[in-house]
file start33.csv (CSV, C-alpha atoms)
chain,number,residue,atom,x,y,z
I,26,MET,CA,129.9,56.5,76.9
I,27,ARG,CA,132.4,59.2,76.0
I,28,SER,CA,133.8,61.6,78.6
I,29,THR,CA,132.5,65.1,78.4
I,30,ARG,CA,136.1,66.3,78.1
I,31,ASP,CA,136.1,64.8,74.6
I,32,VAL,CA,132.9,66.3,73.3
I,33,VAL,CA,133.0,70.0,74.2
I,34,SER,CA,133.1,71.8,70.8
I,35,ASP,CA,132.9,75.5,70.0
I,36,GLU,CA,129.2,75.0,69.4
I,37,ASP,CA,128.8,73.5,72.8
I,38,MET,CA,130.7,76.4,74.3
I,39,GLY,CA,128.0,78.6,72.8
I,40,LYS,CA,125.3,76.6,74.5
I,41,GLY,CA,127.2,77.0,77.8
I,42,HIS,CA,126.6,80.8,78.0
I,43,TYR,CA,125.7,81.7,81.5
I,44,SER,CA,123.0,84.3,81.9
I,45,ASP,CA,122.3,85.7,85.3
I,46,PRO,CA,122.7,89.5,84.5
I,47,PRO,CA,123.0,90.7,88.2
I,48,LEU,CA,125.6,88.1,89.0
I,49,LEU,CA,127.5,88.9,85.8
I,50,VAL,CA,127.5,92.6,86.6
I,51,LEU,CA,128.7,92.0,90.1
I,52,ALA,CA,131.5,89.7,88.8
I,53,SER,CA,132.5,92.3,86.2
I,54,LEU,CA,132.8,95.0,88.8
I,55,ALA,CA,134.8,92.7,91.2
I,56,ASN,CA,138.1,93.8,89.7
I,57,GLY,CA,137.3,97.5,89.5
I,58,PRO,CA,134.7,100.1,88.6
I,59,LYS,CA,133.3,100.2,85.0
I,60,HIS,CA,130.7,102.0,83.0
I,61,GLY,CA,128.0,100.2,81.0
I,62,HIS,CA,129.8,99.7,77.7
I,63,ALA,CA,132.9,98.4,79.5
I,64,MET,CA,130.8,96.0,81.5
I,65,ILE,CA,129.2,94.6,78.4
I,66,GLU,CA,132.5,93.9,76.8
I,67,ASP,CA,134.1,92.6,80.0
I,68,ILE,CA,131.2,90.2,80.5
I,69,ALA,CA,131.4,89.0,76.9
I,70,GLY,CA,135.1,88.3,77.4
I,71,MET,CA,134.6,86.6,80.7
I,72,CYS,CA,131.9,84.1,79.7
I,73,GLY,CA,130.7,84.8,76.2
I,74,THR,CA,127.4,86.3,77.2
I,75,ARG,CA,126.8,89.7,75.6
I,76,LEU,CA,124.1,91.5,77.6
I,77,GLY,CA,121.7,93.8,75.8
I,78,PRO,CA,121.7,97.4,77.0
I,79,GLY,CA,118.2,97.1,78.4
I,80,THR,CA,119.1,93.9,80.3
I,81,LEU,CA,122.3,95.5,81.6
I,82,TYR,CA,120.4,98.5,83.0
I,83,GLY,CA,117.7,96.3,84.4
I,84,ALA,CA,120.4,94.5,86.4
I,85,ILE,CA,122.2,97.8,87.4
I,86,GLY,CA,118.9,99.3,88.7
I,87,ARG,CA,118.1,96.3,90.8
I,88,LEU,CA,121.7,95.9,92.1
I,89,GLU,CA,121.8,99.6,93.0
I,90,ALA,CA,118.5,99.4,94.7
I,91,GLN,CA,119.8,96.5,96.8
I,92,GLY,CA,122.9,98.5,97.7
I,93,TRP,CA,125.3,95.9,96.0
I,94,ILE,CA,126.7,98.4,93.6
I,95,ALA,CA,127.0,102.2,93.8
I,96,PRO,CA,127.5,104.9,91.1
I,97,MET,CA,130.7,106.9,91.1
I,98,ALA,CA,131.4,110.4,89.6
I,99,ALA,CA,130.3,110.4,86.0
I,100,VAL,CA,132.9,110.8,83.3
I,101,GLU,CA,131.3,112.9,80.6
I,102,ARG,CA,127.9,111.2,80.3
I,103,ARG,CA,129.3,107.7,81.1
I,104,GLN,CA,128.4,106.6,84.6
I,105,PRO,CA,130.9,104.2,86.2
I,106,TYR,CA,129.7,101.8,89.0
I,107,ARG,CA,131.7,100.1,91.7
I,108,ILE,CA,130.8,97.0,93.8
I,109,THR,CA,130.1,97.7,97.5
I,110,ALA,CA,131.3,95.6,100.4
I,111,GLU,CA,127.9,94.0,100.7
I,112,GLY,CA,128.0,93.3,96.9
I,113,LYS,CA,131.3,91.6,97.3
I,114,ARG,CA,129.9,89.5,100.2
I,115,VAL,CA,126.9,88.5,98.1
I,116,LEU,CA,129.1,87.7,95.0
I,117,ARG,CA,131.4,85.5,97.1
I,118,ALA,CA,128.4,83.6,98.5
I,119,LYS,CA,126.8,83.1,95.1
I,120,LEU,CA,130.0,82.1,93.4
I,121,GLY,CA,130.7,79.6,96.2
I,122,THR,CA,127.3,78.0,95.7
I,123,LEU,CA,127.9,77.9,92.0
I,124,GLN,CA,131.3,76.3,92.4
I,125,ARG,CA,129.9,73.6,94.7
I,126,PHE,CA,127.1,73.0,92.2
I,127,ALA,CA,129.5,72.9,89.2
I,128,SER,CA,131.8,70.5,91.0
I,129,ALA,CA,129.0,68.2,91.9
I,130,GLY,CA,127.5,68.3,88.4
I,131,LEU,CA,130.8,67.7,86.6
I,132,GLU,CA,131.6,64.8,89.0
I,133,ARG,CA,128.4,63.1,88.1
I,134,LEU,CA,129.1,63.5,84.4
I,135,GLU,CA,132.5,61.8,84.9
I,136,VAL,CA,130.9,58.8,86.6
I,137,LYS,CA,130.6,56.0,84.0
H,4,MET,CA,123.3,103.8,67.6
H,5,ASN,CA,122.2,107.2,66.4
H,6,ARG,CA,121.1,109.9,68.8
H,7,ARG,CA,117.5,110.0,67.6
H,8,LEU,CA,116.9,106.3,68.0
H,9,ALA,CA,118.7,106.4,71.4
H,10,ARG,CA,116.4,109.2,72.6
H,11,LEU,CA,113.3,107.4,71.3
H,12,LEU,CA,114.3,104.2,73.2
H,13,VAL,CA,115.0,106.0,76.5
H,14,GLY,CA,111.6,107.6,76.1
H,15,LEU,CA,110.0,104.2,76.4
H,16,TYR,CA,111.0,104.0,80.1
H,17,PRO,CA,108.9,105.3,83.0
H,18,ARG,CA,109.5,108.9,84.0
H,19,GLY,CA,111.1,108.0,87.4
H,20,TRP,CA,113.5,105.6,85.7
H,21,ARG,CA,114.4,108.2,83.1
H,22,ALA,CA,115.1,110.8,85.7
H,23,ARG,CA,117.6,108.5,87.4
H,24,TYR,CA,119.2,106.5,84.5
H,25,GLY,CA,118.0,108.3,81.3
H,26,ASP,CA,121.2,110.3,80.6
H,27,GLU,CA,123.7,107.6,81.2
H,28,PHE,CA,121.5,105.0,79.4
H,29,GLU,CA,121.4,107.2,76.4
H,30,ALA,CA,125.2,107.6,76.5
H,31,LEU,CA,125.5,103.8,76.6
H,32,LEU,CA,123.1,103.4,73.6
H,33,LEU,CA,125.2,105.9,71.7
H,34,ASP,CA,128.2,103.7,72.4
H,35,ARG,CA,126.5,100.5,71.2
H,36,PRO,CA,125.6,99.3,67.7
H,37,GLY,CA,121.9,99.9,67.0
H,38,GLY,CA,120.9,96.6,65.6
H,39,LEU,CA,117.4,95.1,65.8
H,40,GLU,CA,118.5,92.8,68.6
H,41,ALA,CA,119.5,95.8,70.8
H,42,VAL,CA,116.3,97.7,70.0
H,43,ALA,CA,114.2,94.6,70.8
H,44,ASN,CA,116.2,94.2,74.1
H,45,VAL,CA,115.5,97.8,75.1
H,46,PHE,CA,111.8,97.5,74.1
H,47,TRP,CA,111.4,94.5,76.3
H,48,ALA,CA,113.4,95.9,79.2
H,49,ALA,CA,111.3,99.1,79.1
H,50,PHE,CA,108.1,97.1,79.1
H,51,CYS,CA,109.3,95.1,82.1
H,52,GLU,CA,110.3,98.3,83.9
H,53,HIS,CA,106.7,99.5,83.5
H,54,ILE,CA,105.3,96.2,84.9
H,55,PHE,CA,107.9,95.6,87.6
H,56,PRO,CA,109.5,99.0,88.4
H,57,THR,CA,112.9,99.1,90.0
H,58,GLN,CA,112.4,99.8,93.7
H,59,GLY,CA,114.5,101.5,96.4
H,60,GLY,CA,117.9,102.9,95.9
H,61,ALA,CA,117.8,106.3,94.3
H,62,MET,CA,114.7,105.4,92.3
H,63,HIS,CA,111.6,107.6,92.2
H,64,ARG,CA,112.8,109.6,95.2
H,65,GLU,CA,112.8,112.9,93.4
H,66,ALA,CA,110.3,112.0,90.7
H,67,VAL,CA,107.4,111.2,93.0
H,68,SER,CA,106.1,113.9,95.3
H,69,PHE,CA,103.1,113.8,97.5
H,70,GLY,CA,101.3,116.3,95.2
H,71,SER,CA,101.9,114.1,92.1
H,72,VAL,CA,100.5,111.0,94.0
H,73,MET,CA,97.5,113.0,95.1
H,74,LYS,CA,96.8,113.9,91.5
H,75,GLN,CA,96.1,110.3,90.7
H,76,PRO,CA,92.3,109.6,90.3
H,77,SER,CA,92.7,106.5,92.6
H,78,ALA,CA,94.0,108.9,95.3
H,79,TYR,CA,91.5,111.7,95.2
H,80,LEU,CA,88.3,109.7,94.2
H,81,PRO,CA,88.0,107.8,97.5
H,82,LEU,CA,88.4,111.1,99.4
H,83,ALA,CA,85.8,112.8,97.2
H,84,MET,CA,83.4,109.9,97.8
H,85,SER,CA,83.9,110.0,101.6
H,86,VAL,CA,83.5,113.8,101.7
H,87,THR,CA,80.3,113.5,99.5
H,88,ALA,CA,79.0,110.8,101.8
H,89,LEU,CA,79.7,113.0,104.8
H,90,ALA,CA,78.0,115.9,103.1
H,91,LEU,CA,74.9,113.7,102.4
H,92,VAL,CA,74.7,112.9,106.2
H,93,LEU,CA,75.0,116.5,107.2
H,94,LEU,CA,72.5,117.7,104.6
H,95,HIS,CA,70.1,114.9,105.8
H,96,VAL,CA,70.5,116.0,109.4
H,97,ALA,CA,70.0,119.6,108.5
H,98,ARG,CA,66.9,118.9,106.5
H,99,TYR,CA,65.2,116.2,108.6
H,100,GLY,CA,66.9,116.3,111.9
H,101,ALA,CA,68.9,113.5,113.6
H,102,MET,CA,66.3,110.8,113.7
H,103,HIS,CA,66.8,107.1,113.1
H,104,GLU,CA,64.5,105.8,110.3
H,105,VAL,CA,63.6,102.1,110.1
H,106,ASP,CA,63.1,102.3,106.4
H,107,GLU,CA,66.3,103.3,104.6
H,108,GLY,CA,65.7,106.2,102.1
H,109,PRO,CA,67.6,107.1,98.9
H,110,THR,CA,70.1,109.1,100.9
H,111,ALA,CA,71.1,106.0,102.9
H,112,HIS,CA,71.5,104.0,99.8
H,113,LEU,CA,73.6,106.6,98.1
H,114,TRP,CA,75.8,106.8,101.2
H,115,GLN,CA,76.2,103.1,101.2
H,116,LEU,CA,77.1,103.0,97.5
H,117,LEU,CA,79.7,105.8,98.0
H,118,MET,CA,81.3,104.0,100.9
H,119,VAL,CA,81.4,100.5,99.3
H,120,LEU,CA,82.5,101.6,95.8
H,121,GLN,CA,85.5,103.4,97.1
H,122,ALA,CA,86.9,100.2,98.5
H,123,PRO,CA,88.1,98.8,95.2
H,124,VAL,CA,89.5,102.2,94.2
H,125,ILE,CA,91.6,102.2,97.4
H,126,VAL,CA,92.8,98.7,96.8
H,127,VAL,CA,93.9,99.7,93.3
H,128,PHE,CA,95.7,102.7,94.7
H,129,ALA,CA,97.5,100.7,97.4
H,130,VAL,CA,98.6,98.0,94.9
H,131,LYS,CA,99.9,100.6,92.5
H,132,TRP,CA,101.6,103.1,94.8
H,133,LEU,CA,102.7,101.4,98.0
H,134,ARG,CA,105.6,99.8,96.2
H,135,ARG,CA,106.4,102.8,94.1
H,136,ALA,CA,106.2,105.6,96.7
H,137,PRO,CA,105.5,104.0,100.1
H,138,ARG,CA,105.7,107.1,102.3
H,139,GLN,CA,103.5,109.2,100.0
H,140,ALA,CA,101.0,106.3,99.5
H,141,LEU,CA,100.7,105.7,103.2
H,142,LEU,CA,99.9,109.4,103.8
H,143,VAL,CA,97.2,109.2,101.1
H,144,LEU,CA,95.8,106.0,102.6
H,145,ALA,CA,95.7,107.6,106.0
H,146,GLN,CA,93.6,110.4,104.5
H,147,HIS,CA,91.3,107.8,102.9
H,148,VAL,CA,90.8,106.1,106.3
H,149,GLY,CA,90.3,109.4,108.1
H,150,ALA,CA,87.7,110.6,105.6
H,151,ALA,CA,85.9,107.3,105.7
H,152,LEU,CA,85.9,107.3,109.5
H,153,ALA,CA,84.6,110.8,109.5
H,154,SER,CA,81.7,109.8,107.3
H,155,VAL,CA,80.9,106.6,109.3
H,156,GLY,CA,81.4,108.5,112.6
H,157,ALA,CA,78.8,111.1,111.5
H,158,VAL,CA,76.2,108.4,110.9
H,159,PHE,CA,76.7,107.0,114.4
H,160,PHE,CA,77.0,110.4,116.0
H,161,PHE,CA,73.6,111.4,114.7
H,162,ASN,CA,72.3,108.0,115.4
H,163,LEU,CA,71.3,107.3,111.8
H,164,GLY,CA,72.7,103.8,111.6
call {"tool": "encode", "arguments": {"input": "start33.csv", "output": "structure tokens"}}
result
Amino acid sequence: MRSTRDVVSDEDMGKGHYSDPPLLVLASLANGPKHGHAMIEDIAGMCGTRLGPGTLYGAIGRLEAQGWIAPMAAVERRQPYRITAEGKRVLRAKLGTLQRFASAGLERLEVK
Amino acid sequence: MNRRLARLLVGLYPRGWRARYGDEFEALLLDRPGGLEAVANVFWAAFCEHIFPTQGGAMHREAVSFGSVMKQPSAYLPLAMSVTALALVLLHVARYGAMHEVDEGPTAHLWQLLMVLQAPVIVVFAVKWLRRAPRQALLVLAQHVGAALASVGAVFFFNLG
């Protein structure tokens, strides 16, 4: 059996897109406020997932309702959002879980 | 995406959502390419927003007033049914006096129908509005209960039960 390190092609990278819109939005806002268009581009650059505008605003609405992100003063009609302290705490917890999960999964793949 | 298409797509969302996010969402759509994929994505997201509306935060606070909730048929119909049932009791008492009858007449049957049939309407109202506008919905539900108790109370008060 070949190691997974040897078989990850560009095509496989495409299959590895991560799609949890609220988590992606939180992660995008972790390094500073952004408006919708900037979030979509940032997320695409971060993990290859390009959120649709409806999906993005579905996530924004729910995150705002939960108090994990908050709107800032609008620039023209573009509305930037920032992550709240509670949002950072939630993001840290979720990413910690994902990190443990990813480590465990990759370790299993390496076992021959 | 062109302005006309963007406006059309924003219009697919519920009114409360549009009041909160419509302007900025339209600005985002204008910044994005308007391909079929984006249009389909917005269609689906708007449909989901109708089925599972965003709750809490700044949503619906300004859009939903007590008056607008009361204008819903599921809000005023149970009230109208209870008031009609109460009126039936009072008319019966005014006409025949407060006497208990062993054999239930048409008035009693109509009263029972009005009281029973409003139950599913109240359930529909509660399911639809408790999540969307909890405070306003609770006020309406309190009115439903008050009106129903008034009608039932009149039956017992005049010893018609």
call {"tool": "closest_atom_pairs", "arguments": {"input": "start33.csv", "of": "chain H", "to": "chain I", "cutoff": "9 Å", "atoms": "only C-alpha atoms", "output": "JSON lines"}}
result
{"residue": "H:Trp20", "atom": "CA", "partner": "I:Gly86", "partner_atom": "CA", "distance": 8.8}
{"residue": "H:Tyr24", "atom": "CA", "partner": "I:Tyr82", "partner_atom": "CA", "distance": 8.2}
{"residue": "H:Asp26", "atom": "CA", "partner": "I:Arg102", "partner_atom": "CA", "distance": 6.8}
{"residue": "H:Glu27", "atom": "CA", "partner": "I:Arg103", "partner_atom": "CA", "distance": 5.6}
{"residue": "H:Phe28", "atom": "CA", "partner": "I:Tyr82", "partner_atom": "CA", "distance": 7.5}
{"residue": "H:Glu29", "atom": "CA", "partner": "I:Arg102", "partner_atom": "CA", "distance": 8.6}
{"residue": "H:Ala30", "atom": "CA", "partner": "I:Arg102", "partner_atom": "CA", "distance": 5.9}
{"residue": "H:Leu31", "atom": "CA", "partner": "I:His62", "partner_atom": "CA", "distance": 6.0}
{"residue": "H:Leu32", "atom": "CA", "partner": "I:Pro78", "partner_atom": "CA", "distance": 7.0}
{"residue": "H:Asp34", "atom": "CA", "partner": "I:His62", "partner_atom": "CA", "distance": 6.8}
{"residue": "H:Arg35", "atom": "CA", "partner": "I:His62", "partner_atom": "CA", "distance": 7.3}
{"residue": "H:Glu40", "atom": "CA", "partner": "I:Gly77", "partner_atom": "CA", "distance": 7.9}
{"residue": "H:Ala41", "atom": "CA", "partner": "I:Gly77", "partner_atom": "CA", "distance": 5.8}
{"residue": "H:Val42", "atom": "CA", "partner": "I:Gly79", "partner_atom": "CA", "distance": 8.6}
{"residue": "H:Ala43", "atom": "CA", "partner": "I:Gly79", "partner_atom": "CA", "distance": 8.9}
{"residue": "H:Asn44", "atom": "CA", "partner": "I:Gly79", "partner_atom": "CA", "distance": 5.6}
{"residue": "H:Val45", "atom": "CA", "partner": "I:Gly79", "partner_atom": "CA", "distance": 4.3}
{"residue": "H:Phe46", "atom": "CA", "partner": "I:Gly79", "partner_atom": "CA", "distance": 7.7}
{"residue": "H:Trp47", "atom": "CA", "partner": "I:Gly79", "partner_atom": "CA", "distance": 7.6}
{"residue": "H:Ala48", "atom": "CA", "partner": "I:Gly79", "partner_atom": "CA", "distance": 5.0}
{"residue": "H:Ala49", "atom": "CA", "partner": "I:Gly79", "partner_atom": "CA", "distance": 7.2}
{"residue": "H:Cys51", "atom": "CA", "partner": "I:Gly83", "partner_atom": "CA", "distance": 8.8}
{"residue": "H:Glu52", "atom": "CA", "partner": "I:Gly83", "partner_atom": "CA", "distance": 7.7}
{"residue": "H:Thr57", "atom": "CA", "partner": "I:Arg87", "partner_atom": "CA", "distance": 6.0}
{"residue": "H:Gln58", "atom": "CA", "partner": "I:Ala90", "partner_atom": "CA", "distance": 6.2}
{"residue": "H:Gly59", "atom": "CA", "partner": "I:Ala90", "partner_atom": "CA", "distance": 4.8}
{"residue": "H:Gly60", "atom": "CA", "partner": "I:Ala90", "partner_atom": "CA", "distance": 3.7}
{"residue": "H:Ala61", "atom": "CA", "partner": "I:Ala90", "partner_atom": "CA", "distance": 6.9}
{"residue": "H:Met62", "atom": "CA", "partner": "I:Ala90", "partner_atom": "CA", "distance": 7.5}
call {"tool": "closest_residue", "arguments": {"input": "start33.csv", "among": "H:Leu117, H:Ala111, H:Val130, H:Leu94", "to": "Pro81 (chain H)", "atoms": "only C-alpha atoms"}}
result
H:Leu117
call {"tool": "residues_around", "arguments": {"input": "start33.csv", "residues": "Leu152 (chain H)", "least_positions_apart": "4", "cutoff": "12 Å", "atoms": "all atoms listed in the file", "output": "VMD selection string"}}
result
chain H and resid 82 85 to 86 88 to 89 118 145 to 148 156 to 160
call {"tool": "atom_distance", "arguments": {"input": "start33.csv", "atom1": "CA of Arg133 (chain I)", "atom2": "CA of Gly121 (chain I)"}}
result
18.5 Å
call {"tool": "atom_distance", "arguments": {"input": "start33.csv", "atom1": "CA of Arg134 (chain H)", "atom2": "CA of Phe55 (chain H)"}}
result
9.8 Å
call {"tool": "atom_distance", "arguments": {"input": "start33.csv", "atom1": "CA of Leu93 (chain H)", "atom2": "CA of Ser77 (chain H)"}}
result
25.0 Å
call {"tool": "residues_around", "arguments": {"input": "start33.csv", "residues": "Arg117 (chain I)", "least_positions_apart": "5", "cutoff": "12 Å", "atoms": "all atoms listed in the file", "output": "PyMOL selection string"}}
result
chain I and resi 48+51-52+55+108+110-112+122-124
call {"tool": "residues_around", "arguments": {"input": "start33.csv", "residues": "Ala129 (chain H)", "least_positions_apart": "5", "cutoff": "12 Å", "atoms": "all atoms listed in the file", "output": "list in words"}}
result
Val72, Gln75, Ser77, Ala78, Pro81, Ala122, Pro123, Val124, Arg134, Arg135, Ala136, Pro137, Arg138, Gln139, Ala140, Leu141, Leu142, Val143, Leu144, Ala145 and His147 of chain H
call {"tool": "closest_residue", "arguments": {"input": "start33.csv", "among": "H:Pro56, H:Leu39, H:Asn5, H:Val119", "to": "Pro17 (chain H)", "atoms": "all atoms listed in the file"}}
result
H:Pro56
call {"tool": "closest_residue", "arguments": {"input": "start33.csv", "among": "I:Tyr43, I:Phe126, I:Leu54, I:Lys59", "to": "Ala98 (chain I)", "atoms": "only C-alpha atoms"}}
result
I:Lys59
call {"tool": "residues_around", "arguments": {"input": "start33.csv", "residues": "Met71 (chain I)", "least_positions_apart": "3", "cutoff": "10 Å", "atoms": "only C-alpha atoms", "output": "ChimeraX atom specification"}}
result
/I:49,52-53,65-68,74-75
call {"tool": "build_atoms", "arguments": {"input": "start33.csv", "residues": "region 63-89 of chain I", "atoms": "N, CA and C atoms", "output": "mmCIF file, in the coordinates of the input"}}
result
data_model
loop_
_atom_site.group_PDB
_atom_site.id
_atom_site.type_symbol
_atom_site.label_atom_id
_atom_site.label_comp_id
_atom_site.auth_asym_id
_atom_site.auth_seq_id
_atom_site.Cartn_x
_atom_site.Cartn_y
_atom_site.Cartn_z
ATOM 1 N N ALA I 63 131.791 99.236 79.059
ATOM 2 C CA ALA I 63 132.900 98.400 79.500
ATOM 3 C C ALA I 63 132.440 97.123 80.159
ATOM 4 N N MET I 64 131.339 97.222 80.900
ATOM 5 C CA MET I 64 130.800 96.000 81.500
ATOM 6 C C MET I 64 130.352 95.001 80.504
ATOM 7 N N ILE I 65 129.649 95.467 79.464
ATOM 8 C CA ILE I 65 129.200 94.600 78.400
ATOM 9 C C ILE I 65 130.331 93.815 77.768
ATOM 10 N N GLU I 66 131.379 94.566 77.436
ATOM 11 C CA GLU I 66 132.500 93.900 76.800
ATOM 12 C C GLU I 66 133.267 93.017 77.736
ATOM 13 N N ASP I 67 133.384 93.425 78.997
ATOM 14 C CA ASP I 67 134.100 92.600 80.000
ATOM 15 C C ASP I 67 133.353 91.284 80.214
ATOM 16 N N ILE I 68 132.029 91.366 80.317
ATOM 17 C CA ILE I 68 131.200 90.200 80.500
ATOM 18 C C ILE I 68 131.307 89.235 79.333
ATOM 19 N N ALA I 69 131.283 89.827 78.136
ATOM 20 C CA ALA I 69 131.400 89.000 76.900
ATOM 21 C C ALA I 69 132.741 88.274 76.899
ATOM 22 N N GLY I 70 133.791 88.971 77.323
ATOM 23 C CA GLY I 70 135.100 88.300 77.400
ATOM 24 C C GLY I 70 135.221 87.280 78.443
ATOM 25 N N MET I 71 134.482 87.494 79.544
ATOM 26 C CA MET I 71 134.600 86.600 80.700
ATOM 27 C C MET I 71 133.850 85.286 80.458
ATOM 28 N N CYS I 72 132.657 85.355 79.854
ATOM 29 C CA CYS I 72 131.900 84.100 79.700
ATOM 30 C C CYS I 72 131.139 83.979 78.398
ATOM 31 N N GLY I 73 131.365 84.896 77.479
ATOM 32 C CA GLY I 73 130.700 84.800 76.200
ATOM 33 C C GLY I 73 129.330 85.323 76.087
ATOM 34 N N THR I 74 128.778 85.762 77.212
ATOM 35 C CA THR I 74 127.400 86.300 77.200
ATOM 36 C C THR I 74 127.473 87.817 76.940
ATOM 37 N N ARG I 75 126.785 88.253 75.891
ATOM 38 C CA ARG I 75 126.800 89.700 75.600
ATOM 39 C C ARG I 75 125.417 90.242 75.994
ATOM 40 N N LEU I 76 125.398 90.971 77.105
ATOM 41 C CA LEU I 76 124.100 91.500 77.600
ATOM 42 C C LEU I 76 123.640 92.639 76.721
ATOM 43 N N GLY I 77 122.345 92.678 76.498
ATOM 44 C CA GLY I 77 121.700 93.800 75.800
ATOM 45 C C GLY I 77 121.733 95.018 76.707
ATOM 46 N N PRO I 78 121.665 96.243 76.139
ATOM 47 C CA PRO I 78 121.700 97.400 77.000
ATOM 48 C C PRO I 78 120.527 97.504 77.985
ATOM 49 N N GLY I 79 119.355 97.072 77.540
ATOM 50 C CA GLY I 79 118.200 97.100 78.400
ATOM 51 C C GLY I 79 118.373 96.084 79.576
ATOM 52 N N THR I 80 118.881 94.917 79.246
ATOM 53 C CA THR I 80 119.100 93.900 80.300
ATOM 54 C C THR I 80 120.152 94.379 81.273
ATOM 55 N N LEU I 81 121.219 95.005 80.758
ATOM 56 C CA LEU I 81 122.300 95.500 81.600
ATOM 57 C C LEU I 81 121.717 96.522 82.629
ATOM 58 N N TYR I 82 120.940 97.479 82.116
ATOM 59 C CA TYR I 82 120.400 98.500 83.000
ATOM 60 C C TYR I 82 119.330 98.017 83.930
ATOM 61 N N GLY I 83 118.631 96.967 83.511
ATOM 62 C CA GLY I 83 117.700 96.300 84.400
ATOM 63 C C GLY I 83 118.431 95.770 85.623
ATOM 64 N N ALA I 84 119.565 95.122 85.343
ATOM 65 C CA ALA I 84 120.400 94.500 86.400
ATOM 66 C C ALA I 84 121.008 95.647 87.273
ATOM 67 N N ILE I 85 121.519 96.685 86.617
ATOM 68 C CA ILE I 85 122.200 97.800 87.400
ATOM 69 C C ILE I 85 121.153 98.434 88.324
ATOM 70 N N GLY I 86 119.948 98.686 87.821
ATOM 71 C CA GLY I 86 118.900 99.300 88.700
ATOM 72 C C GLY I 86 118.622 98.483 89.902
ATOM 73 N N ARG I 87 118.482 97.187 89.701
ATOM 74 C CA ARG I 87 118.100 96.300 90.800
ATOM 75 C C ARG I 87 119.322 96.163 91.794
ATOM 76 N N LEU I 88 120.513 96.070 91.257
ATOM 77 C CA LEU I 88 121.700 95.900 92.100
ATOM 78 C C LEU I 88 121.918 97.217 92.930
ATOM 79 N N GLU I 89 121.685 98.353 92.302
ATOM 80 C CA GLU I 89 121.800 99.600 93.000
ATOM 81 C C GLU I 89 120.777 99.740 94.111
#
